[in-house]
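Listing of final34.txt; format and content: compact mmCIF, C-alpha atoms.
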# COMPACT_ATOMS: atom_id res chain seq x y z
CA GLY A 1 -24.11 -17.00 -16.26
CA ASN A 2 -21.70 -18.59 -13.84
CA SER A 3 -21.79 -17.89 -10.14
CA VAL A 4 -21.07 -19.49 -6.79
CA THR A 5 -22.89 -18.86 -3.53
CA GLN A 6 -21.40 -20.05 -0.28
CA MET A 7 -22.47 -19.67 3.27
CA GLU A 8 -21.40 -16.51 4.96
CA GLY A 9 -19.11 -16.73 7.87
CA PRO A 10 -17.43 -16.44 10.06
CA VAL A 11 -17.80 -19.93 11.46
CA THR A 12 -16.37 -20.74 14.88
CA LEU A 13 -16.19 -24.34 16.06
CA SER A 14 -14.62 -26.23 18.91
CA GLU A 15 -11.93 -28.75 18.13
CA GLU A 16 -13.32 -32.15 17.01
CA ALA A 17 -16.66 -30.63 15.96
CA PHE A 18 -18.31 -31.49 12.64
CA LEU A 19 -17.95 -28.94 9.86
CA THR A 20 -20.24 -28.16 6.96
CA ILE A 21 -19.77 -25.18 4.67
CA ASN A 22 -22.54 -24.90 2.10
CA CYS A 23 -21.87 -24.08 -1.54
CA THR A 24 -24.29 -23.89 -4.44
CA TYR A 25 -23.61 -22.89 -7.99
CA THR A 26 -25.16 -21.65 -11.21
CA ALA A 27 -23.43 -22.52 -14.45
CA THR A 28 -23.87 -23.18 -18.10
CA GLY A 29 -22.95 -26.69 -19.13
CA TYR A 30 -21.15 -29.06 -16.80
CA PRO A 31 -18.53 -27.30 -14.72
CA SER A 32 -15.85 -28.71 -12.49
CA LEU A 33 -16.12 -27.72 -8.84
CA PHE A 34 -13.35 -26.84 -6.41
CA TRP A 35 -12.65 -25.97 -2.82
CA TYR A 36 -9.65 -23.77 -2.12
CA VAL A 37 -8.22 -22.99 1.31
CA GLN A 38 -6.27 -19.90 2.32
CA TYR A 39 -4.22 -20.13 5.52
CA PRO A 40 -3.14 -16.87 7.16
CA GLY A 41 -0.47 -15.09 5.14
CA GLU A 42 -0.52 -17.64 2.31
CA GLY A 43 -2.06 -17.93 -1.14
CA LEU A 44 -5.16 -19.94 -1.94
CA GLN A 45 -4.37 -23.64 -2.28
CA LEU A 46 -6.45 -26.26 -3.99
CA LEU A 47 -8.01 -28.45 -1.31
CA LEU A 48 -10.14 -30.78 -3.40
CA LYS A 49 -12.13 -30.93 -6.59
CA ALA A 50 -14.75 -32.93 -8.49
CA THR A 51 -15.13 -32.88 -12.23
CA LYS A 52 -18.48 -34.58 -12.80
CA ALA A 53 -21.79 -35.30 -11.13
CA ASP A 54 -21.69 -37.66 -8.13
CA ASP A 55 -17.90 -37.43 -7.90
CA LYS A 56 -16.56 -37.01 -4.38
CA GLY A 57 -13.42 -34.98 -3.84
CA SER A 58 -11.46 -35.59 -0.66
CA ASN A 59 -8.25 -34.41 0.97
CA LYS A 60 -6.91 -33.97 4.52
CA GLY A 61 -10.14 -35.35 5.99
CA PHE A 62 -12.30 -32.91 4.03
CA GLU A 63 -14.76 -34.11 1.44
CA ALA A 64 -17.37 -32.70 -0.92
CA THR A 65 -19.76 -34.41 -3.34
CA TYR A 66 -20.80 -32.89 -6.67
CA ARG A 67 -24.61 -32.93 -6.58
CA LYS A 68 -26.03 -31.94 -9.94
CA GLU A 69 -29.66 -32.28 -8.84
CA THR A 70 -29.22 -29.70 -6.10
CA THR A 71 -26.36 -27.80 -7.81
CA SER A 72 -24.34 -28.09 -4.64
CA PHE A 73 -20.83 -28.93 -3.49
CA HIS A 74 -20.91 -28.70 0.30
CA LEU A 75 -17.63 -29.06 2.18
CA GLU A 76 -17.58 -31.38 5.20
CA LYS A 77 -15.13 -32.61 7.79
CA GLY A 78 -15.98 -34.97 10.59
CA SER A 79 -13.60 -33.62 13.22
CA VAL A 80 -11.92 -30.25 12.78
CA GLN A 81 -8.59 -29.27 14.25
CA VAL A 82 -7.15 -25.90 15.24
CA SER A 83 -4.87 -26.13 12.21
CA ASP A 84 -7.95 -26.08 9.93
CA SER A 85 -8.54 -22.44 10.82
CA ALA A 86 -8.48 -20.67 7.44
CA VAL A 87 -10.68 -19.11 4.78
CA TYR A 88 -12.39 -21.59 2.46
CA PHE A 89 -13.45 -20.66 -1.08
CA CYS A 90 -15.80 -22.64 -3.29
CA ALA A 91 -15.22 -22.21 -7.03
CA LEU A 92 -16.22 -23.51 -10.44
CA SER A 93 -14.45 -23.71 -13.76
CA HIS A 94 -15.19 -25.09 -17.18
CA LEU A 95 -11.75 -26.69 -17.22
CA PRO A 96 -11.24 -29.74 -14.98
CA THR A 97 -7.91 -28.39 -13.79
CA GLY A 98 -9.16 -24.91 -13.04
CA ALA A 99 -6.38 -23.61 -15.23
CA ASN A 100 -8.48 -20.82 -16.65
CA ASN A 101 -11.43 -18.76 -15.50
CA LEU A 102 -12.34 -19.63 -11.94
CA PHE A 103 -15.61 -18.28 -10.54
CA PHE A 104 -15.36 -17.97 -6.78
CA GLY A 105 -17.73 -17.60 -3.87
CA THR A 106 -17.21 -15.04 -1.13
CA GLY A 107 -15.09 -17.26 1.08
CA THR A 108 -15.98 -18.53 4.56
CA ARG A 109 -13.65 -17.89 7.47
CA LEU A 110 -13.39 -20.84 9.84
CA THR A 111 -11.91 -20.50 13.31
CA VAL A 112 -11.40 -23.63 15.38
CA ILE A 113 -10.86 -23.11 19.08
CA PRO A 114 -9.15 -25.63 21.37
CA GLY B 1 5.35 -26.85 -4.72
CA ALA B 2 4.82 -23.80 -6.90
CA VAL B 3 5.03 -20.55 -4.95
CA VAL B 4 3.68 -17.14 -5.89
CA SER B 5 4.55 -14.05 -3.91
CA GLN B 6 2.95 -10.61 -3.86
CA HIS B 7 4.35 -7.31 -2.73
CA PRO B 8 3.34 -5.36 -0.81
CA SER B 9 0.97 -7.35 1.39
CA TRP B 10 -0.84 -4.16 2.30
CA VAL B 11 -0.68 -0.56 1.21
CA ILE B 12 -2.40 2.67 2.15
CA CYS B 13 -2.32 5.53 -0.32
CA LYS B 14 -3.96 8.89 -0.82
CA SER B 15 -6.66 9.48 -3.36
CA GLY B 16 -5.26 10.45 -6.75
CA THR B 17 -1.95 8.62 -6.40
CA SER B 18 -0.90 5.47 -8.25
CA VAL B 19 -0.01 2.19 -6.61
CA LYS B 20 1.94 -0.71 -8.06
CA ILE B 21 1.48 -4.31 -6.89
CA GLU B 22 4.00 -6.98 -7.87
CA CYS B 23 3.31 -10.66 -8.41
CA ARG B 24 6.20 -13.09 -8.76
CA SER B 25 6.43 -16.80 -9.46
CA LEU B 26 9.34 -18.03 -7.37
CA ASP B 27 10.08 -21.49 -8.70
CA PHE B 28 8.35 -21.79 -12.03
CA GLN B 29 7.84 -19.90 -15.27
CA ALA B 30 4.50 -18.14 -15.29
CA THR B 31 3.32 -18.02 -18.88
CA THR B 32 -0.11 -16.83 -17.75
CA MET B 33 -1.00 -14.66 -14.79
CA PHE B 34 -4.42 -13.72 -13.47
CA TRP B 35 -5.46 -10.75 -11.35
CA TYR B 36 -8.48 -10.97 -9.07
CA ARG B 37 -10.03 -8.57 -6.60
CA GLN B 38 -12.41 -9.01 -3.73
CA PHE B 39 -14.58 -6.28 -2.25
CA PRO B 40 -15.85 -6.81 1.32
CA LYS B 41 -18.51 -9.53 1.55
CA GLN B 42 -18.32 -10.15 -2.19
CA SER B 43 -16.87 -12.88 -4.37
CA LEU B 44 -13.31 -13.00 -5.57
CA MET B 45 -13.68 -11.73 -9.14
CA LEU B 46 -11.33 -12.10 -12.10
CA MET B 47 -10.15 -8.71 -13.39
CA ALA B 48 -7.77 -9.66 -16.17
CA THR B 49 -5.63 -12.39 -17.68
CA SER B 50 -2.16 -11.75 -19.05
CA ASN B 51 0.16 -13.89 -21.09
CA GLU B 52 3.87 -13.18 -20.98
CA GLY B 53 4.82 -10.67 -23.63
CA SER B 54 1.23 -9.89 -24.64
CA LYS B 55 -1.34 -7.32 -23.66
CA ALA B 56 -3.69 -8.29 -20.88
CA THR B 57 -7.27 -9.30 -21.55
CA TYR B 58 -9.67 -7.51 -19.22
CA GLU B 59 -13.00 -8.76 -17.96
CA GLN B 60 -16.11 -6.79 -18.73
CA GLY B 61 -16.45 -3.74 -16.53
CA VAL B 62 -12.75 -3.48 -15.64
CA GLU B 63 -11.13 -0.29 -16.91
CA LYS B 64 -7.88 -1.14 -18.64
CA ASP B 65 -6.60 2.43 -18.45
CA LYS B 66 -7.08 2.44 -14.70
CA PHE B 67 -5.68 -0.99 -13.95
CA LEU B 68 -2.46 -1.28 -15.92
CA ILE B 69 -1.04 -4.78 -16.13
CA ASN B 70 2.47 -5.54 -17.28
CA HIS B 71 3.69 -9.10 -17.72
CA ALA B 72 7.09 -8.48 -19.19
CA SER B 73 8.88 -11.55 -17.89
CA LEU B 74 8.11 -15.16 -17.07
CA THR B 75 8.37 -14.51 -13.35
CA LEU B 76 6.87 -11.07 -12.83
CA SER B 77 3.57 -9.33 -13.44
CA THR B 78 2.62 -5.94 -12.08
CA LEU B 79 -0.75 -4.32 -11.52
CA THR B 80 -0.73 -0.53 -11.31
CA VAL B 81 -3.83 1.18 -9.99
CA THR B 82 -3.65 4.65 -11.52
CA SER B 83 -5.23 7.67 -9.86
CA ALA B 84 -6.61 5.50 -7.09
CA HIS B 85 -9.85 6.45 -5.38
CA PRO B 86 -11.50 5.12 -2.22
CA GLU B 87 -13.79 2.87 -4.28
CA ASP B 88 -10.65 1.03 -5.49
CA SER B 89 -9.97 -0.11 -1.93
CA SER B 90 -10.04 -3.86 -2.16
CA PHE B 91 -8.10 -7.09 -1.74
CA TYR B 92 -6.11 -7.87 -4.89
CA ILE B 93 -4.89 -11.43 -5.55
CA CYS B 94 -2.76 -12.70 -8.38
CA SER B 95 -2.37 -16.25 -9.59
CA ALA B 96 -0.13 -17.88 -12.14
CA ARG B 97 0.22 -20.99 -14.21
CA GLY B 98 2.90 -21.99 -16.64
CA ARG B 99 5.79 -24.36 -16.89
CA GLY B 100 7.61 -26.24 -14.21
CA LEU B 101 11.38 -26.18 -13.86
CA ALA B 102 11.66 -29.24 -16.08
CA GLY B 103 9.63 -27.50 -18.78
CA GLY B 104 6.47 -29.54 -18.39
CA PRO B 105 3.08 -27.78 -18.35
CA MET B 106 1.34 -26.95 -15.09
CA TYR B 107 -2.34 -27.56 -15.05
CA GLU B 108 -3.62 -25.43 -12.21
CA GLN B 109 -3.40 -21.88 -10.95
CA TYR B 110 -1.14 -21.05 -8.03
CA PHE B 111 -2.14 -18.08 -5.94
CA GLY B 112 -0.33 -15.28 -4.19
CA PRO B 113 -1.29 -14.27 -0.64
CA GLY B 114 -2.97 -11.05 -1.76
CA THR B 115 -2.50 -7.32 -1.31
CA ARG B 116 -4.91 -5.20 0.67
CA LEU B 117 -5.20 -1.72 -0.81
CA THR B 118 -6.77 1.10 1.18
CA VAL B 119 -7.23 4.46 -0.52
CA THR B 120 -7.90 7.37 1.80
Kindly transcribe the structure held in the file into structure tokens.
Amino acid sequence: GNSVTQMEGPVTLSEEAFLTINCTYTATGYPSLFWYVQYPGEGLQLLLKATKADDKGSNKGFEATYRKETTSFHLEKGSVQVSDSAVYFCALSHLPTGANNLFFGTGTRLTVIP
Amino acid sequence: GAVVSQHPSWVICKSGTSVKIECRSLDFQATTMFWYRQFPKQSLMLMATSNEGSKATYEQGVEKDKFLINHASLTLSTLTVTSAHPEDSSFYICSARGRGLAGGPMYEQYFGPGTRLTVT
């Protein structure tokens, strides 16, 4: 079956700290992988994605590399800001756009303190 | 960008009553809407998919008679939790995809902010 496991939060970091949120997946075939972010009071927004092995998705200083050998898609950012405080969801889909069935992880709440 | 709203953002109801949650696409035509729910410390799980004007398709294990979905227009879908019980307490999120204002297809899902339902 299809499933996503991501590290449990919450995660609290000081501003400018390095961020890693782990995500591993189980899937049939070759899925596309996504990170979504949900800011307080808003809907989930696509942050970045990768559609095949060894692809790196990046956006707003965040990046994640699709690692087929370890079935992982860990989210990283070199220097977090207070404005990055949000809930981050890892997800997979068998469509590269994520237009249909998305399988999500539990979400990880990140709080960045000044 | 494409915006999806949900109403209410939170609701508390008594066991045995029904609750309706609305999901609206504000600046695009939502030909397909999705309903998800998330129990505490669990994954966001797809409940059902609805296409405008058609009956919803429910995921395995989701009771269609309990979770009534209506997608009667290109901008509105509703989820009604009938005879709610405490175990239905959850975070419900809708998403939508469809056509942009110019009529071109949209290739990703756009999410609402969610509705937290508490059944006492």
Tell me which protein, DNA and RNA residues are within 10 Å of Lys52 (chain A), counting all atoms listed in the file, leaving out same-chain ones fewer than 4 positions away, and put them as a PDB file with C-alpha atoms, in the coordinates of the input.
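The resulting file, out-v3.pdb, is reproduced below:
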ATOM      1  CA  TYR A  30     -21.150 -29.060 -16.800  1.00  0.00           C
ATOM      2  CA  PRO A  31     -18.530 -27.300 -14.720  1.00  0.00           C
ATOM      3  CA  SER A  32     -15.850 -28.710 -12.490  1.00  0.00           C
ATOM      4  CA  LEU A  33     -16.120 -27.720  -8.840  1.00  0.00           C
ATOM      5  CA  LYS A  56     -16.560 -37.010  -4.380  1.00  0.00           C
ATOM      6  CA  THR A  65     -19.760 -34.410  -3.340  1.00  0.00           C
ATOM      7  CA  TYR A  66     -20.800 -32.890  -6.670  1.00  0.00           C
ATOM      8  CA  ARG A  67     -24.610 -32.930  -6.580  1.00  0.00           C
ATOM      9  CA  LYS A  68     -26.030 -31.940  -9.940  1.00  0.00           C
ATOM     10  CA  PRO A  96     -11.240 -29.740 -14.980  1.00  0.00           C
TER      11      PRO A  96
END
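The space separating CA of Leu48 (chain A) from CA of Thr26 (chain A) comes to 19.2 Å.
CA of Val81 (chain B) is positioned 12.3 Å from CA of Ile12 (chain B).
Summary of the local environment: counting all atoms listed in the file, residues at most 12 Å from Gly104 (chain B), other than itself and those fewer than 5 positions away along its chain, are Phe28, Gln29, Ala30, Thr31, Arg97, Gly98 and Arg99 of chain B.
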Box dimensions and centre (Å, one decimal) enclosing region 43-61 of chain A, axis-aligned, 8 Å extra per side, as AutoDock Vina command-line options:
--center_x -11.9 --center_y -27.8 --center_z -3.4 --size_x 35.7 --size_y 35.7 --size_z 34.8
Give one line per residue of region 33-99 of chain A that approaches region 10-19 of chain A to at most 12 Å, naming the two atoms of the closest pair and their distance in Å to one decimal, counting all atoms listed in the file; sort by chain then ascending residue number and deliver it as CSV.
residue,atom,partner,partner_atom,distance
A:Gly61,CA,A:Leu19,CA,10.8
A:Phe62,CA,A:Leu19,CA,9.0
A:Glu63,CA,A:Leu19,CA,10.4
A:Ala64,CA,A:Leu19,CA,11.4
A:His74,CA,A:Leu19,CA,10.0
A:Leu75,CA,A:Leu19,CA,7.7
A:Glu76,CA,A:Leu19,CA,5.3
A:Lys77,CA,A:Leu19,CA,5.1
A:Gly78,CA,A:Phe18,CA,4.7
A:Ser79,CA,A:Glu16,CA,4.1
A:Val80,CA,A:Glu16,CA,4.8
A:Gln81,CA,A:Glu15,CA,5.1
A:Val82,CA,A:Glu15,CA,6.3
A:Ser83,CA,A:Glu15,CA,9.6
A:Asp84,CA,A:Glu15,CA,9.5
A:Ser85,CA,A:Thr12,CA,9.0
A:Ala86,CA,A:Val11,CA,10.2
A:Val87,CA,A:Pro10,CA,9.0
A:Tyr88,CA,A:Pro10,CA,10.5
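We find CA of Gly103 (chain B) and CA of Cys23 (chain B) to be spaced 20.8 Å apart.
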For the interface of region 12-102 of chain A with region 106-110 of chain B (cut-off 10 Å, counting all atoms listed in the file), please tabulate each contacting residue of region 12-102 of chain A alongside its nearest pair of atoms and their separation in Å to one decimal, rows sorted by chain and increasing number, as JSON lines.
{"residue": "A:Gly43", "atom": "CA", "partner": "B:Tyr110", "partner_atom": "CA", "distance": 7.6}
{"residue": "A:Leu44", "atom": "CA", "partner": "B:Tyr110", "partner_atom": "CA", "distance": 7.4}
{"residue": "A:Gln45", "atom": "CA", "partner": "B:Tyr110", "partner_atom": "CA", "distance": 7.1}
{"residue": "A:Leu46", "atom": "CA", "partner": "B:Tyr110", "partner_atom": "CA", "distance": 8.5}
{"residue": "A:Leu95", "atom": "CA", "partner": "B:Glu108", "partner_atom": "CA", "distance": 9.6}
{"residue": "A:Pro96", "atom": "CA", "partner": "B:Tyr107", "partner_atom": "CA", "distance": 9.2}
{"residue": "A:Thr97", "atom": "CA", "partner": "B:Glu108", "partner_atom": "CA", "distance": 5.4}
{"residue": "A:Gly98", "atom": "CA", "partner": "B:Glu108", "partner_atom": "CA", "distance": 5.6}
{"residue": "A:Ala99", "atom": "CA", "partner": "B:Glu108", "partner_atom": "CA", "distance": 4.5}
{"residue": "A:Asn100", "atom": "CA", "partner": "B:Gln109", "partner_atom": "CA", "distance": 7.7}
{"residue": "A:Asn101", "atom": "CA", "partner": "B:Gln109", "partner_atom": "CA", "distance": 9.7}
{"residue": "A:Leu102", "atom": "CA", "partner": "B:Gln109", "partner_atom": "CA", "distance": 9.3}
Chain B proximity check over A:Asp55, A:Pro40, A:Lys60, A:Leu110, using only C-alpha atoms: winner is A:Pro40
For chain B against chain A, with a cut-off of 12 Å and counting all atoms listed in the file, what is the closest atom pair and its distance in Å to one decimal for every residue that makes the cut, ordered by chain and number, as JSON lines?
{"residue": "B:Gly1", "atom": "CA", "partner": "A:Gln45", "partner_atom": "CA", "distance": 10.5}
{"residue": "B:Ala2", "atom": "CA", "partner": "A:Gln45", "partner_atom": "CA", "distance": 10.3}
{"residue": "B:Val3", "atom": "CA", "partner": "A:Gly43", "partner_atom": "CA", "distance": 8.5}
{"residue": "B:Val4", "atom": "CA", "partner": "A:Gly43", "partner_atom": "CA", "distance": 7.5}
{"residue": "B:Ser5", "atom": "CA", "partner": "A:Gly43", "partner_atom": "CA", "distance": 8.1}
{"residue": "B:Gln6", "atom": "CA", "partner": "A:Gly43", "partner_atom": "CA", "distance": 9.3}
{"residue": "B:Ser9", "atom": "CA", "partner": "A:Gly41", "partner_atom": "CA", "distance": 8.7}
{"residue": "B:Trp10", "atom": "CA", "partner": "A:Gly41", "partner_atom": "CA", "distance": 11.3}
{"residue": "B:Cys23", "atom": "CA", "partner": "A:Gly43", "partner_atom": "CA", "distance": 11.6}
{"residue": "B:Ser25", "atom": "CA", "partner": "A:Gly43", "partner_atom": "CA", "distance": 11.9}
{"residue": "B:Thr31", "atom": "CA", "partner": "A:Ala99", "partner_atom": "CA", "distance": 11.8}
{"residue": "B:Thr32", "atom": "CA", "partner": "A:Asn100", "partner_atom": "CA", "distance": 9.3}
{"residue": "B:Met33", "atom": "CA", "partner": "A:Asn100", "partner_atom": "CA", "distance": 9.9}
{"residue": "B:Phe34", "atom": "CA", "partner": "A:Asn100", "partner_atom": "CA", "distance": 8.8}
{"residue": "B:Trp35", "atom": "CA", "partner": "A:Asn101", "partner_atom": "CA", "distance": 10.8}
{"residue": "B:Tyr36", "atom": "CA", "partner": "A:Leu102", "partner_atom": "CA", "distance": 9.9}
{"residue": "B:Arg37", "atom": "CA", "partner": "A:Phe104", "partner_atom": "CA", "distance": 10.8}
{"residue": "B:Gln38", "atom": "CA", "partner": "A:Thr106", "partner_atom": "CA", "distance": 8.1}
{"residue": "B:Phe39", "atom": "CA", "partner": "A:Thr106", "partner_atom": "CA", "distance": 9.2}
{"residue": "B:Pro40", "atom": "CA", "partner": "A:Thr106", "partner_atom": "CA", "distance": 8.7}
{"residue": "B:Lys41", "atom": "CA", "partner": "A:Thr106", "partner_atom": "CA", "distance": 6.3}
{"residue": "B:Gln42", "atom": "CA", "partner": "A:Thr106", "partner_atom": "CA", "distance": 5.1}
{"residue": "B:Ser43", "atom": "CA", "partner": "A:Thr106", "partner_atom": "CA", "distance": 3.9}
{"residue": "B:Leu44", "atom": "CA", "partner": "A:Phe104", "partner_atom": "CA", "distance": 5.5}
{"residue": "B:Met45", "atom": "CA", "partner": "A:Phe104", "partner_atom": "CA", "distance": 6.9}
{"residue": "B:Leu46", "atom": "CA", "partner": "A:Asn101", "partner_atom": "CA", "distance": 7.5}
{"residue": "B:Met47", "atom": "CA", "partner": "A:Asn101", "partner_atom": "CA", "distance": 10.3}
{"residue": "B:Ala48", "atom": "CA", "partner": "A:Asn101", "partner_atom": "CA", "distance": 9.8}
{"residue": "B:Thr49", "atom": "CA", "partner": "A:Asn101", "partner_atom": "CA", "distance": 8.9}
{"residue": "B:Ser50", "atom": "CA", "partner": "A:Asn100", "partner_atom": "CA", "distance": 11.3}
{"residue": "B:Asn51", "atom": "CA", "partner": "A:Asn100", "partner_atom": "CA", "distance": 11.9}
{"residue": "B:Thr57", "atom": "CA", "partner": "A:Asn101", "partner_atom": "CA", "distance": 12.0}
{"residue": "B:Tyr58", "atom": "CA", "partner": "A:Asn101", "partner_atom": "CA", "distance": 12.0}
{"residue": "B:Glu59", "atom": "CA", "partner": "A:Asn101", "partner_atom": "CA", "distance": 10.4}
{"residue": "B:Tyr92", "atom": "CA", "partner": "A:Gly43", "partner_atom": "CA", "distance": 11.5}
{"residue": "B:Ile93", "atom": "CA", "partner": "A:Gly43", "partner_atom": "CA", "distance": 8.3}
{"residue": "B:Cys94", "atom": "CA", "partner": "A:Gly43", "partner_atom": "CA", "distance": 9.0}
{"residue": "B:Ser95", "atom": "CA", "partner": "A:Gly43", "partner_atom": "CA", "distance": 8.6}
{"residue": "B:Ala96", "atom": "CA", "partner": "A:Ala99", "partner_atom": "CA", "distance": 9.0}
{"residue": "B:Arg97", "atom": "CA", "partner": "A:Ala99", "partner_atom": "CA", "distance": 7.2}
{"residue": "B:Gly98", "atom": "CA", "partner": "A:Ala99", "partner_atom": "CA", "distance": 9.5}
{"residue": "B:Pro105", "atom": "CA", "partner": "A:Ala99", "partner_atom": "CA", "distance": 10.8}
{"residue": "B:Met106", "atom": "CA", "partner": "A:Ala99", "partner_atom": "CA", "distance": 8.4}
{"residue": "B:Tyr107", "atom": "CA", "partner": "A:Ala99", "partner_atom": "CA", "distance": 5.7}
{"residue": "B:Glu108", "atom": "CA", "partner": "A:Ala99", "partner_atom": "CA", "distance": 4.5}
{"residue": "B:Gln109", "atom": "CA", "partner": "A:Ala99", "partner_atom": "CA", "distance": 5.5}
{"residue": "B:Tyr110", "atom": "CA", "partner": "A:Gln45", "partner_atom": "CA", "distance": 7.1}
{"residue": "B:Phe111", "atom": "CA", "partner": "A:Gly43", "partner_atom": "CA", "distance": 4.8}
{"residue": "B:Gly112", "atom": "CA", "partner": "A:Gly43", "partner_atom": "CA", "distance": 4.4}
{"residue": "B:Pro113", "atom": "CA", "partner": "A:Gly43", "partner_atom": "CA", "distance": 3.8}
{"residue": "B:Gly114", "atom": "CA", "partner": "A:Gly43", "partner_atom": "CA", "distance": 7.0}
{"residue": "B:Thr115", "atom": "CA", "partner": "A:Gly41", "partner_atom": "CA", "distance": 10.3}
{"residue": "B:Arg116", "atom": "CA", "partner": "A:Gly41", "partner_atom": "CA", "distance": 11.7}
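Nearest residue to Ser90 (chain B) among B:Ala56, B:Leu74, B:Leu68, B:Val119 is B:Val119, counting only C-alpha atoms.
With distances restricted to only C-alpha atoms, B:Lys20 is the closest residue to Thr80 (chain B) from B:His7, B:Thr118, B:Lys20, B:Cys13.
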### Selection near His71 (chain B), 7 Å with only C-alpha atoms, sequence-local residues under 4 positions removed, as a ChimeraX atom specification
/B:50-53,76-78
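You can rank B:Glu63, B:Ser18, B:Ile69, B:Pro8 by their closest distance to Ser83 (chain B) using all atoms listed in the file, and at the top of that list sits B:Ser18.
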Residues within 7 Å of (-23.2, -24.8, -7.6), file coordinates, counting only C-alpha atoms: what are they? Give the list as a tab-separated table (two decimals) with C-alpha atoms, keeping the file's coordinate frame.
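selection_28.tsv was written with the following content:
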chain	number	residue	atom	x	y	z
A	4	VAL	CA	-21.07	-19.49	-6.79
A	23	CYS	CA	-21.87	-24.08	-1.54
A	24	THR	CA	-24.29	-23.89	-4.44
A	25	TYR	CA	-23.61	-22.89	-7.99
A	26	THR	CA	-25.16	-21.65	-11.21
A	71	THR	CA	-26.36	-27.80	-7.81
A	72	SER	CA	-24.34	-28.09	-4.64
A	73	PHE	CA	-20.83	-28.93	-3.49
